[in-house]
Amino acid sequence: MKNDPLPRLDEDTELRQELLSQCRLRHGEIWHDDVSGHRVGCLDAADPAQIAKLHDGDLAHLAIHDPPYNLVCFDERKLEDFTDWCKIWVKNSTDNLADHSSLYIWLGADQNNSFQPLPDFMIMMRQFDRLKSRSFITMRNQRGYGTQKNWMAVRQELLYYTIGDPDFKVTYTDIPKILRGYYKEVNGKRTENTQRGKSENIRPGNVWVDIQQVFYRMQENVSGCFAQKPLKCIDRIIESSSNPGEIVTDYFAHSGTTLISAESLGRKCYTSDIDPVFCEIAIKRLENFRKNGETGWQNLNPFK
């Protein structure tokens, strides 16, 4: 297998500067896709005017945001500054969502620091009267063998909010029916929960254990990125909370996963990133997907 990966670009700022010459977008610019109507902007999620420019009056029915977990432009902020910053881009997002829409936000919880920034972020979200909290989803990272010092952190947190009464539909997962104990009498016969229903698997709850964390041996891997979400989890969100042809937004494009998922599922994606390098990675990933049907570069280099 060929190996030519990028190092993590949040750690190799010198290389990141060299890659800027290969980026087609500069700050404030938007790339318009002539094929599916996607938009990729090199924009600041906390700038209302720039986000309004991205939408150009088009309202989304689904927003999926994966902000830096208190890392903005690779610098850690004070907790209160981080939540103040989040309040701005959340408002920008809700201002551009339709009356019946869904909002998903990935956010970390540092178990060595009072589980921040998640608790303060959740309290901050109470200020948005338009939003209704619906679920606190946990996605398990399939990695590691445990630790002797603490319960190993193998989870990622996903907050689900709604505006109005959006469409919601879920399909069956790869998770088999394994838990027993819920008994019910059906036609005079006592049955337990694994015997009822037509599927061998279950619909998704708010704990997802069937999704593999992205690592370098997977085709969808995008080297250089430091917080890539698996396509399978973004597909699940888009299929459950939007309809074909609708707009999906993501103001932290990073590796471009939401863009690729929207393309494969027939939605339009309006996405942005403050960093031209990650904007370019997202666009290149879409172009590569259309050309080769590949969802990433495995352990290769998107700028090669």
# chains A, B, ... in the order shown; residues from 1 in each chain; ligands from 1
$ closest_atom_pairs --of "stretch 206-232 of chain A" --to "stretch 6-27 of chain A" --cutoff "8 Å" --atoms "only C-alpha atoms" --output "tab-separated table"
residue	atom	partner	partner_atom	distance
A:Ser223	CA	A:Leu6	CA	5.2
A:Gly224	CA	A:Arg8	CA	4.1
A:Cys225	CA	A:Arg8	CA	5.8
A:Phe226	CA	A:Arg8	CA	6.2
$ write_last_selection --atoms "N, CA and C atoms" --output "mmCIF file, in the first residue's frame"
data_model
loop_
_atom_site.group_PDB
_atom_site.id
_atom_site.type_symbol
_atom_site.label_atom_id
_atom_site.label_comp_id
_atom_site.auth_asym_id
_atom_site.auth_seq_id
_atom_site.Cartn_x
_atom_site.Cartn_y
_atom_site.Cartn_z
ATOM 1 N N SER A 223 -6.063 12.403 5.393
ATOM 2 C CA SER A 223 -4.914 12.731 6.237
ATOM 3 C C SER A 223 -4.777 14.251 6.367
ATOM 4 N N GLY A 224 -4.203 14.669 7.464
ATOM 5 C CA GLY A 224 -4.061 16.091 7.746
ATOM 6 C C GLY A 224 -5.156 16.617 8.633
ATOM 7 N N CYS A 225 -6.283 15.899 8.697
ATOM 8 C CA CYS A 225 -7.415 16.341 9.504
ATOM 9 C C CYS A 225 -7.326 15.739 10.915
ATOM 10 N N PHE A 226 -7.909 16.430 11.884
ATOM 11 C CA PHE A 226 -7.747 16.001 13.270
ATOM 12 C C PHE A 226 -9.058 15.693 13.957
#
$ closest_atom_pairs --of "stretch 64-130 of chain A" --to "stretch 253-273 of chain A" --cutoff "12 Å" --atoms "only C-alpha atoms" --output "JSON lines"
{"residue": "A:Ile64", "atom": "CA", "partner": "A:Thr258", "partner_atom": "CA", "distance": 7.7}
{"residue": "A:His65", "atom": "CA", "partner": "A:Ala253", "partner_atom": "CA", "distance": 8.4}
{"residue": "A:Asp66", "atom": "CA", "partner": "A:Ala253", "partner_atom": "CA", "distance": 8.1}
{"residue": "A:Pro67", "atom": "CA", "partner": "A:Ala253", "partner_atom": "CA", "distance": 9.1}
{"residue": "A:Pro68", "atom": "CA", "partner": "A:His254", "partner_atom": "CA", "distance": 9.7}
{"residue": "A:Val72", "atom": "CA", "partner": "A:Asp273", "partner_atom": "CA", "distance": 11.3}
{"residue": "A:Cys73", "atom": "CA", "partner": "A:Asp273", "partner_atom": "CA", "distance": 10.6}
{"residue": "A:Ser93", "atom": "CA", "partner": "A:Thr271", "partner_atom": "CA", "distance": 11.4}
{"residue": "A:Asn96", "atom": "CA", "partner": "A:Tyr270", "partner_atom": "CA", "distance": 11.0}
{"residue": "A:Leu97", "atom": "CA", "partner": "A:Tyr270", "partner_atom": "CA", "distance": 11.9}
{"residue": "A:Tyr104", "atom": "CA", "partner": "A:Thr258", "partner_atom": "CA", "distance": 11.9}
$ residues_around --residues "A:Val214" --least-positions-apart "4" --cutoff "10 Å" --atoms "only C-alpha atoms" --output "list of chain:residue names"
A:Asn141, A:Gln142, A:Arg143, A:Met218, A:Gln219, A:Glu220, A:Asn221, A:Val222, A:Ala227, A:Gln228, A:Lys229, A:Pro230, A:Leu231, A:Gln298
$ select_by_dssp --residues "stretch 91-267 of chain A" --states "strand (DSSP E)" --output "PyMOL selection string"
chain A and resi 97-107+109-110+116-117+132-140+155-163+183-186+189-192+207-208+247-250
$ residues_around --residues "stretch 122-135 of chain A" --least-positions-apart "6" --cutoff "10 Å" --atoms "only C-alpha atoms" --output "number ranges by chain"
A: 83-84, 86-87, 90-91, 94-95, 99, 101-104, 107, 158-165, 205-206
$ residues_around --residues "stretch 149-157 of chain A" --least-positions-apart "3" --cutoff "7 Å" --atoms "only C-alpha atoms" --output "PyMOL selection string"
chain A and resi 106-108+137-141+146
$ write_last_selection --atoms "C-alpha atoms" --output "PDB file, in the first residue's frame"
ATOM      1  CA  TRP A 106     -20.923  17.561  17.999  1.00  0.00           C
ATOM      2  CA  LEU A 107     -19.162  18.695  21.154  1.00  0.00           C
ATOM      3  CA  GLY A 108     -16.502  17.214  23.385  1.00  0.00           C
ATOM      4  CA  ILE A 137     -26.574  11.004  21.347  1.00  0.00           C
ATOM      5  CA  THR A 138     -23.422   9.060  22.152  1.00  0.00           C
ATOM      6  CA  MET A 139     -21.280   7.561  19.402  1.00  0.00           C
ATOM      7  CA  ARG A 140     -18.794   4.958  20.543  1.00  0.00           C
ATOM      8  CA  ASN A 141     -15.275   5.043  19.146  1.00  0.00           C
ATOM      9  CA  GLY A 146      -8.934   0.169  27.982  1.00  0.00           C
TER      10      GLY A 146
END
$ residues_around --residues "A:Asp44" --least-positions-apart "2" --cutoff "7 Å" --atoms "only C-alpha atoms" --output "CSV table (one decimal) with N, CA and C atoms, in the first residue's frame"
chain,number,residue,atom,x,y,z
A,46,ALA,N,-18.7,32.8,12.7
A,46,ALA,CA,-19.2,33.7,13.7
A,46,ALA,C,-19.5,35.1,13.1
A,47,ASP,N,-19.4,35.2,11.8
A,47,ASP,CA,-19.7,36.5,11.1
A,47,ASP,C,-21.1,36.4,10.4
A,50,GLN,N,-21.1,37.1,6.6
A,50,GLN,CA,-20.5,36.1,5.8
A,50,GLN,C,-21.4,34.8,5.6
A,273,ASP,N,-15.6,26.9,5.9
A,273,ASP,CA,-14.5,26.7,6.9
A,273,ASP,C,-13.7,28.0,6.9
A,274,ILE,N,-13.2,28.4,8.0
A,274,ILE,CA,-12.4,29.7,8.1
A,274,ILE,C,-11.0,29.5,7.5
$ select_by_dssp --residues "stretch 96-278 of chain A" --states "alpha helix (DSSP H)" --output "JSON, numbers by chain"
{"A": [118, 119, 120, 121, 122, 123, 124, 125, 231, 232, 233, 234, 235, 236, 237, 238, 239, 240, 241, 257, 258, 259, 260, 261, 262, 263, 264, 265, 276, 277, 278]}
$ write_last_selection --atoms "N, CA and C atoms" --output "PDB file, in the first residue's frame"
ATOM      1  N   LEU A 118     -18.771  20.855  27.308  1.00  0.00           N
ATOM      2  CA  LEU A 118     -20.153  20.414  27.098  1.00  0.00           C
ATOM      3  C   LEU A 118     -21.156  21.010  28.095  1.00  0.00           C
ATOM      4  N   PRO A 119     -20.903  20.979  29.417  1.00  0.00           N
ATOM      5  CA  PRO A 119     -21.930  21.483  30.338  1.00  0.00           C
ATOM      6  C   PRO A 119     -22.269  22.951  30.122  1.00  0.00           C
ATOM      7  N   ASP A 120     -21.242  23.797  29.991  1.00  0.00           N
ATOM      8  CA  ASP A 120     -21.512  25.215  29.816  1.00  0.00           C
ATOM      9  C   ASP A 120     -22.142  25.496  28.460  1.00  0.00           C
ATOM     10  N   PHE A 121     -21.786  24.720  27.464  1.00  0.00           N
ATOM     11  CA  PHE A 121     -22.407  24.882  26.146  1.00  0.00           C
ATOM     12  C   PHE A 121     -23.898  24.556  26.213  1.00  0.00           C
ATOM     13  N   MET A 122     -24.252  23.477  26.903  1.00  0.00           N
ATOM     14  CA  MET A 122     -25.655  23.087  27.016  1.00  0.00           C
ATOM     15  C   MET A 122     -26.470  24.149  27.764  1.00  0.00           C
ATOM     16  N   ILE A 123     -25.867  24.738  28.785  1.00  0.00           N
ATOM     17  CA  ILE A 123     -26.550  25.812  29.501  1.00  0.00           C
ATOM     18  C   ILE A 123     -26.737  27.019  28.584  1.00  0.00           C
ATOM     19  N   MET A 124     -25.713  27.349  27.812  1.00  0.00           N
ATOM     20  CA  MET A 124     -25.815  28.458  26.872  1.00  0.00           C
ATOM     21  C   MET A 124     -26.937  28.250  25.870  1.00  0.00           C
ATOM     22  N   MET A 125     -27.166  27.017  25.441  1.00  0.00           N
ATOM     23  CA  MET A 125     -28.182  26.727  24.435  1.00  0.00           C
ATOM     24  C   MET A 125     -29.601  26.994  24.936  1.00  0.00           C
ATOM     25  N   LEU A 231     -18.404   8.843   7.696  1.00  0.00           N
ATOM     26  CA  LEU A 231     -19.515   9.081   6.777  1.00  0.00           C
ATOM     27  C   LEU A 231     -20.792   8.413   7.259  1.00  0.00           C
ATOM     28  N   LYS A 232     -20.663   7.255   7.865  1.00  0.00           N
ATOM     29  CA  LYS A 232     -21.851   6.503   8.266  1.00  0.00           C
ATOM     30  C   LYS A 232     -22.706   7.278   9.260  1.00  0.00           C
ATOM     31  N   CYS A 233     -22.085   7.995  10.187  1.00  0.00           N
ATOM     32  CA  CYS A 233     -22.879   8.734  11.169  1.00  0.00           C
ATOM     33  C   CYS A 233     -23.512   9.964  10.536  1.00  0.00           C
ATOM     34  N   ILE A 234     -22.828  10.616   9.608  1.00  0.00           N
ATOM     35  CA  ILE A 234     -23.413  11.773   8.936  1.00  0.00           C
ATOM     36  C   ILE A 234     -24.529  11.315   7.997  1.00  0.00           C
ATOM     37  N   ASP A 235     -24.331  10.191   7.327  1.00  0.00           N
ATOM     38  CA  ASP A 235     -25.411   9.627   6.499  1.00  0.00           C
ATOM     39  C   ASP A 235     -26.660   9.374   7.345  1.00  0.00           C
ATOM     40  N   ARG A 236     -26.477   8.822   8.527  1.00  0.00           N
ATOM     41  CA  ARG A 236     -27.611   8.515   9.400  1.00  0.00           C
ATOM     42  C   ARG A 236     -28.374   9.788   9.761  1.00  0.00           C
ATOM     43  N   ILE A 237     -27.644  10.853  10.076  1.00  0.00           N
ATOM     44  CA  ILE A 237     -28.286  12.114  10.430  1.00  0.00           C
ATOM     45  C   ILE A 237     -29.041  12.695   9.240  1.00  0.00           C
ATOM     46  N   ILE A 238     -28.403  12.718   8.074  1.00  0.00           N
ATOM     47  CA  ILE A 238     -29.018  13.326   6.895  1.00  0.00           C
ATOM     48  C   ILE A 238     -30.242  12.541   6.449  1.00  0.00           C
ATOM     49  N   GLU A 239     -30.148  11.217   6.459  1.00  0.00           N
ATOM     50  CA  GLU A 239     -31.294  10.407   6.047  1.00  0.00           C
ATOM     51  C   GLU A 239     -32.454  10.538   7.029  1.00  0.00           C
ATOM     52  N   SER A 240     -32.148  10.701   8.308  1.00  0.00           N
ATOM     53  CA  SER A 240     -33.197  10.762   9.326  1.00  0.00           C
ATOM     54  C   SER A 240     -33.870  12.134   9.389  1.00  0.00           C
ATOM     55  N   SER A 241     -33.127  13.195   9.116  1.00  0.00           N
ATOM     56  CA  SER A 241     -33.616  14.538   9.412  1.00  0.00           C
ATOM     57  C   SER A 241     -33.673  15.468   8.210  1.00  0.00           C
ATOM     58  N   THR A 257     -16.822  15.907   5.185  1.00  0.00           N
ATOM     59  CA  THR A 257     -17.669  14.724   5.302  1.00  0.00           C
ATOM     60  C   THR A 257     -19.139  15.044   5.038  1.00  0.00           C
ATOM     61  N   THR A 258     -19.641  16.151   5.577  1.00  0.00           N
ATOM     62  CA  THR A 258     -21.044  16.509   5.342  1.00  0.00           C
ATOM     63  C   THR A 258     -21.291  16.760   3.863  1.00  0.00           C
ATOM     64  N   LEU A 259     -20.327  17.359   3.188  1.00  0.00           N
ATOM     65  CA  LEU A 259     -20.443  17.622   1.748  1.00  0.00           C
ATOM     66  C   LEU A 259     -20.534  16.321   0.962  1.00  0.00           C
ATOM     67  N   ILE A 260     -19.689  15.360   1.271  1.00  0.00           N
ATOM     68  CA  ILE A 260     -19.695  14.081   0.557  1.00  0.00           C
ATOM     69  C   ILE A 260     -20.989  13.316   0.837  1.00  0.00           C
ATOM     70  N   SER A 261     -21.427  13.318   2.079  1.00  0.00           N
ATOM     71  CA  SER A 261     -22.664  12.629   2.421  1.00  0.00           C
ATOM     72  C   SER A 261     -23.851  13.250   1.704  1.00  0.00           C
ATOM     73  N   ALA A 262     -23.927  14.576   1.682  1.00  0.00           N
ATOM     74  CA  ALA A 262     -25.024  15.250   0.990  1.00  0.00           C
ATOM     75  C   ALA A 262     -25.020  14.936  -0.499  1.00  0.00           C
ATOM     76  N   GLU A 263     -23.846  14.887  -1.085  1.00  0.00           N
ATOM     77  CA  GLU A 263     -23.740  14.559  -2.508  1.00  0.00           C
ATOM     78  C   GLU A 263     -24.267  13.157  -2.785  1.00  0.00           C
ATOM     79  N   SER A 264     -23.897  12.191  -1.964  1.00  0.00           N
ATOM     80  CA  SER A 264     -24.295  10.807  -2.209  1.00  0.00           C
ATOM     81  C   SER A 264     -25.764  10.569  -1.925  1.00  0.00           C
ATOM     82  N   LEU A 265     -26.374  11.422  -1.077  1.00  0.00           N
ATOM     83  CA  LEU A 265     -27.768  11.218  -0.677  1.00  0.00           C
ATOM     84  C   LEU A 265     -28.723  12.205  -1.360  1.00  0.00           C
ATOM     85  N   PRO A 276      -8.613  28.274   4.469  1.00  0.00           N
ATOM     86  CA  PRO A 276      -8.626  27.933   3.041  1.00  0.00           C
ATOM     87  C   PRO A 276      -8.149  26.516   2.746  1.00  0.00           C
ATOM     88  N   VAL A 277      -7.241  25.985   3.575  1.00  0.00           N
ATOM     89  CA  VAL A 277      -6.709  24.642   3.323  1.00  0.00           C
ATOM     90  C   VAL A 277      -7.816  23.597   3.474  1.00  0.00           C
ATOM     91  N   PHE A 278      -8.631  23.714   4.515  1.00  0.00           N
ATOM     92  CA  PHE A 278      -9.699  22.739   4.709  1.00  0.00           C
ATOM     93  C   PHE A 278     -10.828  22.942   3.702  1.00  0.00           C
TER      94      PHE A 278
END
$ residues_around --residues "A:Ser242" --least-positions-apart "5" --cutoff "8 Å" --atoms "only C-alpha atoms" --output "PyMOL selection string"
chain A and resi 61-62+167-168+248
$ atom_distance --atom1 "atom CA of A:Ile51" --atom2 "atom CA of A:Trp89"
9.0 Å
$ closest_residue --among "A:Val40, A:Ile175, A:Val35, A:Glu200" --to "A:Lys284" --atoms "only C-alpha atoms"
A:Val40
$ closest_residue --among "A:Asn288, A:Asn301, A:Thr249, A:Gln148" --to "A:Leu59" --atoms "only C-alpha atoms"
A:Thr249
$ atom_distance --atom1 "atom CA of A:Ala45" --atom2 "atom CA of A:Glu246"
20.8 Å
$ decode --residues "stretch 121-150 of chain A" --atoms "N, CA and C atoms" --output "compact mmCIF listing (two decimals), in the first residue's frame"
# COMPACT_ATOMS: atom_id res chain seq x y z
N PHE A 121 -21.79 24.72 27.46
CA PHE A 121 -22.41 24.88 26.15
C PHE A 121 -23.90 24.56 26.21
N MET A 122 -24.25 23.48 26.90
CA MET A 122 -25.65 23.09 27.02
C MET A 122 -26.47 24.15 27.76
N ILE A 123 -25.87 24.74 28.79
CA ILE A 123 -26.55 25.81 29.50
C ILE A 123 -26.74 27.02 28.58
N MET A 124 -25.71 27.35 27.81
CA MET A 124 -25.81 28.46 26.87
C MET A 124 -26.94 28.25 25.87
N MET A 125 -27.17 27.02 25.44
CA MET A 125 -28.18 26.73 24.43
C MET A 125 -29.60 26.99 24.94
N ARG A 126 -29.78 27.09 26.25
CA ARG A 126 -31.10 27.39 26.80
C ARG A 126 -31.58 28.79 26.38
N GLN A 127 -30.67 29.64 25.95
CA GLN A 127 -31.04 31.01 25.59
C GLN A 127 -31.80 31.07 24.26
N PHE A 128 -31.78 29.98 23.50
CA PHE A 128 -32.42 29.99 22.19
C PHE A 128 -33.83 29.41 22.32
N ASP A 129 -34.79 30.31 22.46
CA ASP A 129 -36.18 29.88 22.66
C ASP A 129 -36.72 29.11 21.46
N ARG A 130 -36.17 29.35 20.30
CA ARG A 130 -36.66 28.69 19.08
C ARG A 130 -36.27 27.21 19.05
N LEU A 131 -35.25 26.86 19.79
CA LEU A 131 -34.72 25.50 19.76
C LEU A 131 -35.32 24.64 20.88
N LYS A 132 -35.64 23.41 20.54
CA LYS A 132 -36.13 22.44 21.51
C LYS A 132 -35.14 21.28 21.57
N SER A 133 -34.65 20.98 22.76
CA SER A 133 -33.72 19.85 22.89
C SER A 133 -34.49 18.55 22.69
N ARG A 134 -33.89 17.63 21.91
CA ARG A 134 -34.57 16.39 21.58
C ARG A 134 -33.81 15.15 22.03
N SER A 135 -32.49 15.17 21.92
CA SER A 135 -31.75 13.97 22.31
C SER A 135 -30.28 14.30 22.55
N PHE A 136 -29.67 13.48 23.39
CA PHE A 136 -28.23 13.54 23.65
C PHE A 136 -27.67 12.20 23.18
N ILE A 137 -27.03 12.22 22.01
CA ILE A 137 -26.57 11.00 21.35
C ILE A 137 -25.11 10.74 21.69
N THR A 138 -24.79 9.49 21.91
CA THR A 138 -23.42 9.06 22.15
C THR A 138 -22.99 8.13 21.03
N MET A 139 -21.86 8.45 20.40
CA MET A 139 -21.28 7.56 19.40
C MET A 139 -20.01 6.95 19.98
N ARG A 140 -19.94 5.65 19.97
CA ARG A 140 -18.79 4.96 20.54
C ARG A 140 -17.67 4.87 19.53
N ASN A 141 -16.46 5.24 19.96
CA ASN A 141 -15.28 5.04 19.15
C ASN A 141 -14.82 3.59 19.27
N GLN A 142 -14.69 2.91 18.13
CA GLN A 142 -14.26 1.52 18.16
C GLN A 142 -12.74 1.46 18.14
N ARG A 143 -12.15 1.72 19.30
CA ARG A 143 -10.69 1.73 19.35
C ARG A 143 -10.24 1.45 20.78
N GLY A 144 -8.98 1.06 20.91
CA GLY A 144 -8.38 0.94 22.22
C GLY A 144 -8.75 -0.33 22.97
N TYR A 145 -8.01 -0.60 24.02
CA TYR A 145 -8.22 -1.79 24.83
C TYR A 145 -8.37 -1.45 26.31
N GLY A 146 -8.71 -0.20 26.59
CA GLY A 146 -8.93 0.17 27.98
C GLY A 146 -7.68 0.72 28.65
N THR A 147 -7.86 1.20 29.85
CA THR A 147 -6.76 1.78 30.61
C THR A 147 -6.89 1.37 32.06
N GLN A 148 -5.77 1.29 32.76
CA GLN A 148 -5.78 0.91 34.17
C GLN A 148 -5.98 2.11 35.08
N LYS A 149 -5.92 3.32 34.54
CA LYS A 149 -5.96 4.53 35.35
C LYS A 149 -7.34 5.17 35.43
N ASN A 150 -8.20 4.91 34.45
CA ASN A 150 -9.52 5.52 34.42
C ASN A 150 -10.37 4.74 33.43
